[in-house]
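Listing of structure25.cif; format and content: mmCIF, C-alpha atoms.
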data_structure
loop_
_atom_site.group_PDB
_atom_site.id
_atom_site.type_symbol
_atom_site.label_atom_id
_atom_site.label_comp_id
_atom_site.auth_asym_id
_atom_site.auth_seq_id
_atom_site.Cartn_x
_atom_site.Cartn_y
_atom_site.Cartn_z
ATOM 1 C CA MET O 700 -26.972 28.605 0.235
ATOM 2 C CA SER O 701 -28.729 29.711 3.405
ATOM 3 C CA SER O 702 -29.943 26.464 4.988
ATOM 4 C CA LYS O 703 -28.622 23.066 5.966
ATOM 5 C CA GLU O 704 -31.153 21.343 3.712
ATOM 6 C CA GLY O 705 -29.143 22.166 0.610
ATOM 7 C CA PHE O 706 -25.745 21.289 2.092
ATOM 8 C CA LYS O 707 -25.710 17.656 1.004
ATOM 9 C CA LEU O 708 -26.999 18.590 -2.439
ATOM 10 C CA LEU O 709 -24.049 20.940 -2.850
ATOM 11 C CA THR O 710 -21.558 18.224 -1.930
ATOM 12 C CA LYS O 711 -23.093 16.089 -4.674
ATOM 13 C CA LYS O 712 -22.847 18.995 -7.116
ATOM 14 C CA TYR O 713 -19.188 19.405 -6.163
ATOM 15 C CA LEU O 714 -18.559 15.714 -6.875
ATOM 16 C CA ASP O 715 -20.261 16.041 -10.253
ATOM 17 C CA ASP O 716 -17.931 18.906 -11.128
ATOM 18 C CA ALA O 717 -14.747 17.325 -9.724
ATOM 19 C CA ASP O 718 -12.248 16.401 -12.444
ATOM 20 C CA VAL O 719 -10.924 13.244 -10.800
ATOM 21 C CA SER O 720 -11.060 9.505 -11.473
ATOM 22 C CA MET O 721 -14.118 7.489 -10.508
ATOM 23 C CA THR O 722 -12.149 5.726 -7.769
ATOM 24 C CA THR O 723 -11.074 9.063 -6.280
ATOM 25 C CA LYS O 724 -14.596 10.443 -6.628
ATOM 26 C CA GLN O 725 -15.980 7.499 -4.656
ATOM 27 C CA SER O 726 -13.397 8.127 -1.944
ATOM 28 C CA TYR O 727 -14.361 11.820 -1.825
ATOM 29 C CA GLU O 728 -18.023 10.886 -1.583
ATOM 30 C CA ARG O 729 -17.451 8.669 1.468
ATOM 31 C CA ILE O 730 -15.473 11.388 3.227
ATOM 32 C CA LEU O 731 -17.945 14.160 2.436
ATOM 33 C CA GLN O 732 -20.830 11.995 3.617
ATOM 34 C CA GLN O 733 -19.121 11.734 7.003
ATOM 35 C CA PHE O 734 -18.721 15.511 7.079
ATOM 36 C CA VAL O 735 -22.388 15.972 6.119
ATOM 37 C CA ASP O 736 -23.383 13.636 8.965
ATOM 38 C CA TYR O 737 -21.306 15.790 11.309
ATOM 39 C CA ALA O 738 -22.885 18.986 9.928
ATOM 40 C CA ASN O 739 -26.350 17.548 10.576
ATOM 41 C CA THR O 740 -25.566 17.478 14.312
ATOM 42 C CA LEU O 741 -25.029 21.253 14.324
ATOM 43 C CA SER O 742 -27.671 23.928 14.830
ATOM 44 C CA ASP O 743 -26.568 25.787 11.704
ATOM 45 C CA LEU O 744 -24.118 25.516 8.815
ATOM 46 C CA PRO O 745 -20.532 24.682 9.844
ATOM 47 C CA THR O 746 -18.391 27.618 10.927
ATOM 48 C CA ARG O 747 -14.599 27.801 11.099
ATOM 49 C CA SER O 748 -14.644 26.626 14.718
ATOM 50 C CA ASP O 749 -16.919 23.738 13.684
ATOM 51 C CA VAL O 750 -14.441 22.619 11.008
ATOM 52 C CA MET O 751 -11.618 22.747 13.578
ATOM 53 C CA ALA O 752 -13.812 20.764 15.979
ATOM 54 C CA TYR O 753 -14.344 18.196 13.218
ATOM 55 C CA ARG O 754 -10.569 17.893 12.810
ATOM 56 C CA ASP O 755 -10.276 17.312 16.564
ATOM 57 C CA TYR O 756 -13.082 14.736 16.346
ATOM 58 C CA LEU O 757 -11.081 12.821 13.750
ATOM 59 C CA PHE O 758 -8.123 12.842 16.133
ATOM 60 C CA LYS O 759 -10.291 11.440 18.922
ATOM 61 C CA ARG O 760 -11.249 8.569 16.642
ATOM 62 C CA LYS O 761 -7.522 7.700 16.670
ATOM 63 C CA LEU O 762 -7.279 7.671 12.897
ATOM 64 C CA GLU O 763 -3.864 7.674 11.255
ATOM 65 C CA GLU O 764 -2.478 11.171 10.764
ATOM 66 C CA THR O 765 -2.337 10.574 7.014
ATOM 67 C CA THR O 766 -6.039 9.641 7.031
ATOM 68 C CA ILE O 767 -6.966 12.796 8.963
ATOM 69 C CA LYS O 768 -4.941 14.875 6.530
ATOM 70 C CA TYR O 769 -6.743 13.307 3.556
ATOM 71 C CA HIS O 770 -10.162 13.993 5.131
ATOM 72 C CA LEU O 771 -9.235 17.636 5.648
ATOM 73 C CA VAL O 772 -7.904 17.983 2.097
ATOM 74 C CA VAL O 773 -11.250 16.766 0.728
ATOM 75 C CA VAL O 774 -13.221 19.105 3.001
ATOM 76 C CA ARG O 775 -11.009 22.073 2.057
ATOM 77 C CA ASN O 776 -11.324 21.300 -1.650
ATOM 78 C CA PHE O 777 -15.096 21.216 -1.295
ATOM 79 C CA TYR O 778 -15.206 24.535 0.532
ATOM 80 C CA ARG O 779 -12.855 26.112 -2.010
ATOM 81 C CA TRP O 780 -15.333 25.123 -4.755
ATOM 82 C CA TYR O 781 -18.209 26.205 -2.513
ATOM 83 C CA HIS O 782 -16.760 29.717 -2.088
ATOM 84 C CA THR O 783 -15.638 30.108 -5.713
ATOM 85 C CA ASN O 784 -19.140 29.284 -6.940
ATOM 86 C CA GLY O 785 -20.740 31.897 -4.715
ATOM 87 C CA HIS O 786 -22.372 29.697 -2.076
ATOM 88 C CA GLY O 787 -20.766 31.440 0.891
ATOM 89 C CA ALA O 788 -17.554 31.988 2.826
ATOM 90 C CA ASN O 789 -14.869 29.330 3.109
ATOM 91 C CA PRO O 790 -14.745 28.318 6.803
ATOM 92 C CA SER O 791 -11.892 25.864 6.192
ATOM 93 C CA GLU O 792 -9.394 28.443 4.920
ATOM 94 C CA GLY O 793 -6.156 28.400 6.894
ATOM 95 C CA ILE O 794 -7.091 25.384 9.047
ATOM 96 C CA LYS O 795 -3.977 23.284 9.429
ATOM 97 C CA SER O 796 -3.661 19.573 8.826
ATOM 98 C CA PRO O 797 -1.857 17.446 11.401
ATOM 99 C CA LYS O 798 1.909 17.383 11.096
ATOM 100 C CA ILE O 799 2.985 14.006 9.796
ATOM 101 C CA GLU O 800 6.164 12.783 11.411
ATOM 102 C CA LYS O 801 8.678 11.278 9.007
ATOM 103 C CA LYS O 802 9.191 7.964 10.712
ATOM 104 C CA PHE O 803 8.522 4.331 10.040
ATOM 105 C CA LYS O 804 4.964 3.367 10.867
ATOM 106 C CA ARG O 805 5.949 -0.289 10.740
ATOM 107 C CA ALA O 806 9.131 -2.038 11.838
ATOM 108 C CA HIS O 807 11.338 -3.569 9.179
ATOM 109 C CA LEU O 808 13.188 -6.877 9.300
ATOM 110 C CA SER O 809 16.934 -7.236 9.355
ATOM 111 C CA GLU O 810 18.701 -9.353 6.733
ATOM 112 C CA SER O 811 18.897 -12.341 9.093
ATOM 113 C CA GLU O 812 15.250 -11.952 10.115
ATOM 114 C CA SER O 813 14.240 -11.732 6.438
ATOM 115 C CA ARG O 814 16.133 -14.926 5.706
ATOM 116 C CA GLN O 815 14.450 -16.551 8.700
ATOM 117 C CA LEU O 816 11.025 -15.564 7.357
ATOM 118 C CA LEU O 817 11.842 -16.856 3.875
ATOM 119 C CA LYS O 818 13.318 -20.053 5.294
ATOM 120 C CA LEU O 819 10.126 -20.821 7.202
ATOM 121 C CA ALA O 820 7.946 -20.049 4.181
ATOM 122 C CA GLN O 821 10.185 -22.188 1.974
ATOM 123 C CA ILE O 822 10.040 -25.153 4.352
ATOM 124 C CA ASN O 823 6.250 -24.847 4.516
ATOM 125 C CA SER O 824 6.092 -24.643 0.719
ATOM 126 C CA ASN O 825 6.850 -28.356 0.472
ATOM 127 C CA LYS O 826 3.520 -29.205 2.132
ATOM 128 C CA ASN O 827 1.065 -28.187 -0.584
ATOM 129 C CA ILE O 828 0.379 -25.640 -3.314
ATOM 130 C CA ILE O 829 -1.227 -23.221 -0.838
ATOM 131 C CA LYS O 830 1.976 -23.011 1.156
ATOM 132 C CA TYR O 831 4.006 -22.727 -2.041
ATOM 133 C CA ARG O 832 1.826 -19.781 -3.088
ATOM 134 C CA ASP O 833 2.448 -18.151 0.303
ATOM 135 C CA TYR O 834 6.206 -18.598 -0.108
ATOM 136 C CA VAL O 835 6.148 -16.940 -3.540
ATOM 137 C CA MET O 836 4.095 -14.018 -2.207
ATOM 138 C CA VAL O 837 6.565 -13.430 0.640
ATOM 139 C CA LEU O 838 9.505 -13.690 -1.741
ATOM 140 C CA LEU O 839 7.926 -11.265 -4.211
ATOM 141 C CA MET O 840 7.041 -8.705 -1.544
ATOM 142 C CA LEU O 841 10.441 -8.830 0.170
ATOM 143 C CA THR O 842 12.429 -8.380 -3.036
ATOM 144 C CA THR O 843 10.268 -5.799 -4.820
ATOM 145 C CA GLY O 844 8.530 -3.825 -2.058
ATOM 146 C CA MET O 845 5.089 -4.551 -3.486
ATOM 147 C CA ARG O 846 2.112 -3.587 -1.353
ATOM 148 C CA THR O 847 -0.529 -6.181 -0.470
ATOM 149 C CA VAL O 848 -3.095 -4.413 -2.662
ATOM 150 C CA GLU O 849 -0.662 -4.626 -5.587
ATOM 151 C CA VAL O 850 -0.179 -8.337 -4.975
ATOM 152 C CA GLU O 851 -3.961 -8.774 -4.930
ATOM 153 C CA ARG O 852 -4.379 -6.932 -8.242
ATOM 154 C CA ALA O 853 -1.573 -8.762 -10.060
ATOM 155 C CA ASP O 854 -2.511 -10.976 -13.020
ATOM 156 C CA VAL O 855 -0.551 -13.694 -14.807
ATOM 157 C CA SER O 856 -0.690 -11.536 -17.942
ATOM 158 C CA ASP O 857 1.181 -8.774 -16.099
ATOM 159 C CA LEU O 858 4.375 -10.815 -16.319
ATOM 160 C CA ASN O 859 6.559 -9.529 -19.118
ATOM 161 C CA VAL O 860 10.117 -9.170 -20.383
ATOM 162 C CA ILE O 861 11.996 -6.000 -21.248
ATOM 163 C CA ASP O 862 15.510 -5.648 -22.616
ATOM 164 C CA ASP O 863 17.278 -6.164 -19.316
ATOM 165 C CA GLY O 864 15.070 -8.792 -17.657
ATOM 166 C CA GLU O 865 11.705 -9.951 -16.350
ATOM 167 C CA ILE O 866 9.173 -7.540 -14.894
ATOM 168 C CA LEU O 867 5.697 -7.546 -13.371
ATOM 169 C CA TYR O 868 3.347 -4.669 -14.151
ATOM 170 C CA VAL O 869 1.590 -3.416 -11.016
ATOM 171 C CA HIS O 870 -1.632 -1.565 -10.307
ATOM 172 C CA GLY O 871 -0.289 0.788 -7.669
ATOM 173 C CA LYS O 872 -1.986 2.426 -4.718
ATOM 174 C CA GLY O 873 -4.203 5.294 -5.858
ATOM 175 C CA LYS O 874 -3.578 4.504 -9.533
ATOM 176 C CA THR O 875 -6.237 3.821 -12.158
ATOM 177 C CA SER O 876 -4.134 1.475 -14.289
ATOM 178 C CA LYS O 877 -1.050 -0.728 -14.283
ATOM 179 C CA SER O 878 1.245 2.126 -15.206
ATOM 180 C CA SER O 879 4.422 0.969 -13.455
ATOM 181 C CA PHE O 880 6.340 -2.243 -12.936
ATOM 182 C CA VAL O 881 8.703 -4.028 -10.577
ATOM 183 C CA ARG O 882 11.787 -5.901 -11.682
ATOM 184 C CA LEU O 883 11.936 -9.620 -10.955
ATOM 185 C CA SER O 884 15.256 -11.280 -10.281
ATOM 186 C CA PRO O 885 15.762 -14.589 -12.137
ATOM 187 C CA LEU O 886 15.378 -16.386 -8.795
ATOM 188 C CA VAL O 887 12.031 -14.742 -8.058
ATOM 189 C CA ASN O 888 10.797 -15.131 -11.623
ATOM 190 C CA LYS O 889 11.605 -18.853 -11.494
ATOM 191 C CA ALA O 890 9.609 -19.238 -8.259
ATOM 192 C CA ILE O 891 6.606 -17.501 -9.854
ATOM 193 C CA GLU O 892 6.833 -19.662 -12.972
ATOM 194 C CA THR O 893 7.010 -22.789 -10.802
ATOM 195 C CA TYR O 894 3.873 -21.720 -8.923
ATOM 196 C CA ILE O 895 2.010 -21.126 -12.197
ATOM 197 C CA MET O 896 3.180 -24.509 -13.502
ATOM 198 C CA LYS O 897 2.042 -26.250 -10.310
ATOM 199 C CA ARG O 898 -1.385 -24.625 -10.704
ATOM 200 C CA SER O 899 -1.809 -25.748 -14.299
ATOM 201 C CA ASP O 900 -4.927 -23.626 -14.835
ATOM 202 C CA GLN O 901 -6.155 -20.671 -16.873
ATOM 203 C CA TYR O 902 -7.182 -18.382 -14.009
ATOM 204 C CA GLU O 903 -6.335 -14.719 -14.551
ATOM 205 C CA PRO O 904 -5.109 -13.659 -11.054
ATOM 206 C CA LEU O 905 -1.441 -14.270 -10.319
ATOM 207 C CA PHE O 906 -2.303 -15.475 -6.810
ATOM 208 C CA ILE O 907 -5.485 -17.448 -6.278
ATOM 209 C CA ASP O 908 -7.403 -19.191 -3.518
ATOM 210 C CA HIS O 909 -6.865 -22.951 -3.743
ATOM 211 C CA LYS O 910 -9.602 -24.044 -1.369
ATOM 212 C CA PRO O 911 -12.289 -25.989 -3.272
ATOM 213 C CA LYS O 912 -15.085 -23.604 -2.301
ATOM 214 C CA TYR O 913 -13.199 -20.533 -3.586
ATOM 215 C CA LEU O 914 -10.925 -22.144 -6.175
ATOM 216 C CA GLY O 915 -9.598 -19.647 -8.694
ATOM 217 C CA GLN O 916 -10.781 -16.537 -6.859
ATOM 218 C CA ARG O 917 -8.287 -13.696 -6.498
ATOM 219 C CA MET O 918 -6.447 -13.558 -3.183
ATOM 220 C CA LYS O 919 -7.763 -10.635 -1.139
ATOM 221 C CA THR O 920 -5.624 -8.094 0.663
ATOM 222 C CA ARG O 921 -6.978 -9.089 4.081
ATOM 223 C CA ASN O 922 -5.996 -12.728 3.478
ATOM 224 C CA ILE O 923 -2.528 -11.802 2.239
ATOM 225 C CA ARG O 924 -2.014 -9.700 5.360
ATOM 226 C CA ARG O 925 -3.172 -12.570 7.567
ATOM 227 C CA ILE O 926 -0.811 -15.038 5.882
ATOM 228 C CA ILE O 927 2.176 -12.719 6.344
ATOM 229 C CA LYS O 928 1.190 -11.919 9.923
ATOM 230 C CA ASP O 929 0.964 -15.627 10.779
ATOM 231 C CA LEU O 930 4.440 -16.227 9.359
ATOM 232 C CA LEU O 931 5.815 -13.256 11.288
ATOM 233 C CA ARG O 932 4.296 -14.628 14.490
ATOM 234 C CA ASP O 933 5.899 -17.985 13.805
ATOM 235 C CA ILE O 934 9.360 -16.391 13.773
ATOM 236 C CA GLY O 935 8.662 -14.455 16.962
ATOM 237 C CA PHE O 936 7.175 -11.126 15.849
ATOM 238 C CA ASP O 937 3.763 -11.005 17.481
ATOM 239 C CA ASP O 938 3.287 -7.258 17.828
ATOM 240 C CA ASP O 939 1.555 -4.342 16.109
ATOM 241 C CA LYS O 940 4.725 -3.012 14.516
ATOM 242 C CA HIS O 941 5.384 -6.096 12.414
ATOM 243 C CA THR O 942 2.793 -6.545 9.679
ATOM 244 C CA ALA O 943 2.674 -7.342 5.985
ATOM 245 C CA HIS O 944 3.646 -3.714 5.330
ATOM 246 C CA SER O 945 6.877 -4.363 7.221
ATOM 247 C CA LEU O 946 8.048 -6.308 4.178
ATOM 248 C CA ARG O 947 7.844 -3.156 2.055
ATOM 249 C CA HIS O 948 9.927 -1.242 4.596
ATOM 250 C CA THR O 949 12.347 -4.154 4.642
ATOM 251 C CA THR O 950 12.859 -3.949 0.871
ATOM 252 C CA ALA O 951 13.888 -0.300 1.091
ATOM 253 C CA THR O 952 16.079 -0.883 4.138
ATOM 254 C CA LEU O 953 17.898 -3.836 2.576
ATOM 255 C CA ALA O 954 18.386 -1.999 -0.710
ATOM 256 C CA ARG O 955 19.948 0.894 1.191
ATOM 257 C CA GLN O 956 22.059 -1.526 3.222
ATOM 258 C CA TYR O 957 23.340 -3.118 0.013
ATOM 259 C CA GLY O 958 24.376 0.254 -1.421
ATOM 260 C CA ALA O 959 21.291 1.899 -2.948
ATOM 261 C CA ASN O 960 21.259 5.673 -3.090
ATOM 262 C CA LYS O 961 18.191 7.903 -2.854
ATOM 263 C CA ASP O 962 17.284 7.645 -6.538
ATOM 264 C CA ASP O 963 17.687 3.859 -6.519
ATOM 265 C CA THR O 964 15.416 3.527 -3.502
ATOM 266 C CA GLN O 965 12.787 5.875 -4.899
ATOM 267 C CA LYS O 966 12.620 3.815 -8.098
ATOM 268 C CA ILE O 967 12.265 0.556 -6.212
ATOM 269 C CA MET O 968 9.543 1.897 -3.930
ATOM 270 C CA ARG O 969 7.822 3.738 -6.805
ATOM 271 C CA HIS O 970 7.407 6.876 -4.700
ATOM 272 C CA SER O 971 6.121 9.828 -6.711
ATOM 273 C CA ASP O 972 7.405 12.233 -4.051
ATOM 274 C CA PRO O 973 11.133 11.905 -3.254
ATOM 275 C CA ALA O 974 10.410 13.300 0.208
ATOM 276 C CA THR O 975 8.637 10.040 1.039
ATOM 277 C CA THR O 976 11.838 8.165 0.278
ATOM 278 C CA GLU O 977 13.809 10.348 2.678
ATOM 279 C CA ILE O 978 12.642 8.324 5.666
ATOM 280 C CA TYR O 979 14.631 5.370 4.362
ATOM 281 C CA MET O 980 17.844 7.248 3.604
ATOM 282 C CA HIS O 981 20.845 7.673 5.862
ATOM 283 C CA ALA O 982 23.592 7.761 3.256
ATOM 284 C CA GLU O 983 24.145 8.727 -0.356
ATOM 285 C CA ILE O 984 25.903 5.856 -2.125
ATOM 286 C CA LYS O 985 26.206 5.797 -5.904
ATOM 287 C CA SER O 986 25.455 2.488 -7.579
ATOM 288 C CA VAL O 987 24.369 0.858 -10.832
ATOM 289 C CA HIS O 988 22.925 -2.319 -9.323
ATOM 290 C CA VAL O 989 19.378 -3.589 -9.900
ATOM 291 C CA TYR O 990 18.564 -3.922 -6.226
ATOM 292 C CA GLU O 991 15.566 -6.225 -6.634
ATOM 293 C CA HIS O 992 18.146 -8.715 -7.957
ATOM 294 C CA VAL O 993 20.668 -7.941 -5.227
ATOM 295 C CA ILE O 994 18.121 -8.481 -2.443
ATOM 296 C CA ALA O 995 16.977 -11.797 -3.913
ATOM 297 C CA GLN O 996 20.552 -13.024 -4.354
ATOM 298 C CA LYS O 997 21.571 -11.990 -0.848
ATOM 299 C CA LEU O 998 18.574 -13.625 0.816
ATOM 300 C CA LEU O 999 18.180 -16.723 -1.330
ATOM 301 C CA ASN O 1000 21.870 -17.475 -1.798
ATOM 302 C CA GLN O 1001 22.342 -17.260 1.953
ATOM 303 C CA GLU O 1002 19.545 -19.803 2.364
ATOM 304 C CA GLU O 1003 21.165 -22.112 -0.171
ATOM 305 C CA ASP O 1004 24.520 -21.815 1.618
ATOM 306 C CA GLU O 1005 22.890 -22.785 4.903
ATOM 307 C CA ASP O 1006 21.399 -25.892 3.297
ATOM 308 C CA ASN O 1007 24.791 -27.087 1.989
#
With the file now loaded, output its structure as structure tokens.
Amino acid sequence: MSSKEGFKLLTKKYLDDADVSMTTKQSYERILQQFVDYANTLSDLPTRSDVMAYRDYLFKRKLEETTIKYHLVVVRNFYRWYHTNGHGANPSEGIKSPKIEKKFKRAHLSESESRQLLKLAQINSNKNIIKYRDYVMVLLMLTTGMRTVEVERADVSDLNVIDDGEILYVHGKGKTSKSSFVRLSPLVNKAIETYIMKRSDQYEPLFIDHKPKYLGQRMKTRNIRRIIKDLLRDIGFDDDKHTAHSLRHTTATLARQYGANKDDTQKIMRHSDPATTEIYMHAEIKSVHVYEHVIAQKLLNQEEDEDN
């Protein structure tokens, strides 16, 4: 290729050849379109210095380091294909991605703060079915580490039983199917069953909108995040570090606090890379507990004791 006119056509050809899922392909397409837009501002085809300048441009946009890294991975993969297929040199070769610090991006809650959050949600749950739904979502996320997108995607039919207890199949982040599951403690499973019984409907989503205008529609990630954020504000956490994702960090932290080792925590969080789990680990403690159950018992039993 010798001109900019064919650059976008080659990115489309690369996407046609890419052996990835449709969801991933759509993500690649969005990222490459941004790079094509950047290339169109240049006087000629991107050079190595231009690719480095693009990386710096992404930094200036104040994107998350993980997002910048993903953009650069897509660009490098394209240029690797571009060079292999004889279209020219690879100007991205050797360009480094940002170093991702292994630290919590969101603050977690302590055991007492988690109980405070659940207590508020439980008190509110007596008002109406909407508030009861919110309580069950908080309870599920705190005890299983589910992400908001996984809560959104959950269906009633995903509830199941295996030899050693109740589970919920989940459609994980970046996955194309519901290939994994979380374990539900009897206490959490009972709360979910109560919510479904209160609904008394045949809607497929596990969590639905109950407002008349949107009745039966699947709860969206943005609304789940807002609900959790409002509850966090109500217990005094009105800052950027405490979000719905804090509940996932809390699950891992509490599991570790209650004796989970690295393997236990990795299983709970469903991390494919054990290195990701390292940020939660400060001790190696051997255990045979099902920590989704332990967390639920610790938090909910403490609430029950306070009521008596």
Using the chain letters and numbers from this file, what does the PyMOL selection byres ((chain O and resi 830) around 12) select? Give the answer as a PDB file with C-alpha atoms, keeping the file's coordinate frame.
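Result saved to out_2.pdb:
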ATOM      1  CA  LEU O 817      11.842 -16.856   3.875  1.00  0.00           C
ATOM      2  CA  LEU O 819      10.126 -20.821   7.202  1.00  0.00           C
ATOM      3  CA  ALA O 820       7.946 -20.049   4.181  1.00  0.00           C
ATOM      4  CA  GLN O 821      10.185 -22.188   1.974  1.00  0.00           C
ATOM      5  CA  ILE O 822      10.040 -25.153   4.352  1.00  0.00           C
ATOM      6  CA  ASN O 823       6.250 -24.847   4.516  1.00  0.00           C
ATOM      7  CA  SER O 824       6.092 -24.643   0.719  1.00  0.00           C
ATOM      8  CA  ASN O 825       6.850 -28.356   0.472  1.00  0.00           C
ATOM      9  CA  LYS O 826       3.520 -29.205   2.132  1.00  0.00           C
ATOM     10  CA  ASN O 827       1.065 -28.187  -0.584  1.00  0.00           C
ATOM     11  CA  ILE O 828       0.379 -25.640  -3.314  1.00  0.00           C
ATOM     12  CA  ILE O 829      -1.227 -23.221  -0.838  1.00  0.00           C
ATOM     13  CA  TYR O 831       4.006 -22.727  -2.041  1.00  0.00           C
ATOM     14  CA  ARG O 832       1.826 -19.781  -3.088  1.00  0.00           C
ATOM     15  CA  ASP O 833       2.448 -18.151   0.303  1.00  0.00           C
ATOM     16  CA  TYR O 834       6.206 -18.598  -0.108  1.00  0.00           C
ATOM     17  CA  VAL O 835       6.148 -16.940  -3.540  1.00  0.00           C
ATOM     18  CA  MET O 836       4.095 -14.018  -2.207  1.00  0.00           C
ATOM     19  CA  VAL O 837       6.565 -13.430   0.640  1.00  0.00           C
ATOM     20  CA  TYR O 894       3.873 -21.720  -8.923  1.00  0.00           C
ATOM     21  CA  LYS O 897       2.042 -26.250 -10.310  1.00  0.00           C
ATOM     22  CA  PHE O 906      -2.303 -15.475  -6.810  1.00  0.00           C
ATOM     23  CA  ILE O 907      -5.485 -17.448  -6.278  1.00  0.00           C
ATOM     24  CA  ASP O 908      -7.403 -19.191  -3.518  1.00  0.00           C
ATOM     25  CA  HIS O 909      -6.865 -22.951  -3.743  1.00  0.00           C
ATOM     26  CA  LYS O 910      -9.602 -24.044  -1.369  1.00  0.00           C
ATOM     27  CA  ILE O 926      -0.811 -15.038   5.882  1.00  0.00           C
ATOM     28  CA  ILE O 927       2.176 -12.719   6.344  1.00  0.00           C
ATOM     29  CA  LEU O 930       4.440 -16.227   9.359  1.00  0.00           C
TER      30      LEU O 930
END
What are the centre and edge lengths in Å, to one decimal, of the axis-aligned box around all listed atoms of region 767-776 of chain O with 8 Å added on each side, as lines of an AutoDock Vina configuration file?
center_x = -9.1
center_y = 17.4
center_z = 3.7
size_x = 24.3
size_y = 25.3
size_z = 26.6
Checklist entry - From the set O:Val855, O:Asp715, O:Glu704, O:Leu816, which residue has the shortest atom-to-atom contact distance to Arg898 (chain O), counting all atoms listed in the file? => result O:Val855
Next on the checklist: Taking (-3.3, 13.3, 9.7) in the coordinates of the supplied file, I want to know which residues reach to within 12 Å of it, counting all atoms listed in the file; could you give the answer as an NGL selection string?
Outcome noted: :O and (754-772 or 795-800)
Next on the checklist: Evaluated on this file, the PyMOL selection byres ((chain O and resi 941) around 10) picks out some residues - which ones are they, written as a PyMOL selection string?
Outcome noted: chain O and resi 804-808+927-928+931-932+936-940+942-946
Checklist entry - Applied to this file, what does the PyMOL selection byres ((chain O and resi 852) around 12) return in terms of residues, put as number ranges by chain? => result O: 845-851, 853-857, 867-872, 874-877, 903-907, 916-920, 923
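Here CA of Ser742 (chain O) is placed at a distance of 22.7 Å from CA of Arg729 (chain O).
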Checklist entry - Just how far from CA of Lys712 (chain O) is CA of Tyr781 (chain O), in Å to one decimal? => result 9.7 Å
Next on the checklist: Measuring between only C-alpha atoms, which one of O:Val860, O:Ala752, O:Met968, O:Leu914 shows the shortest distance to Met840 (chain O)?
Outcome noted: O:Met968
Checklist entry - Near Ile994 (chain O), within 8 Å and counting only C-alpha atoms, which residues show up once chain neighbours fewer than 2 positions away are dropped, as number ranges by chain? => result O: 842, 950, 953-954, 957, 990-992, 996-998
Item to check | Between CA of Ala995 (chain O) and CA of Val887 (chain O), distance in Å (one decimal) | outcome: 7.1 Å
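Counting all atoms listed in the file and comparing O:Pro790, O:Gly935, O:Pro885, O:Gly705, the residue that lies closest to Asn739 (chain O) is O:Gly705.
In terms of minimum interatomic distance to His970 (chain O), O:Ser879 ranks closest within O:Ser879, O:Asn888, O:Asn859, O:Asn776, counting all atoms listed in the file.
Of the listed residues (O:Val773, O:Ala788, O:Met721, O:Ile934), O:Ala788 comes nearest to Pro745 (chain O); the distances count only C-alpha atoms.
Closest to Phe777 (chain O) among O:Lys818, O:Ser720, O:Glu792, O:Thr710 is O:Thr710, based on only C-alpha atoms.
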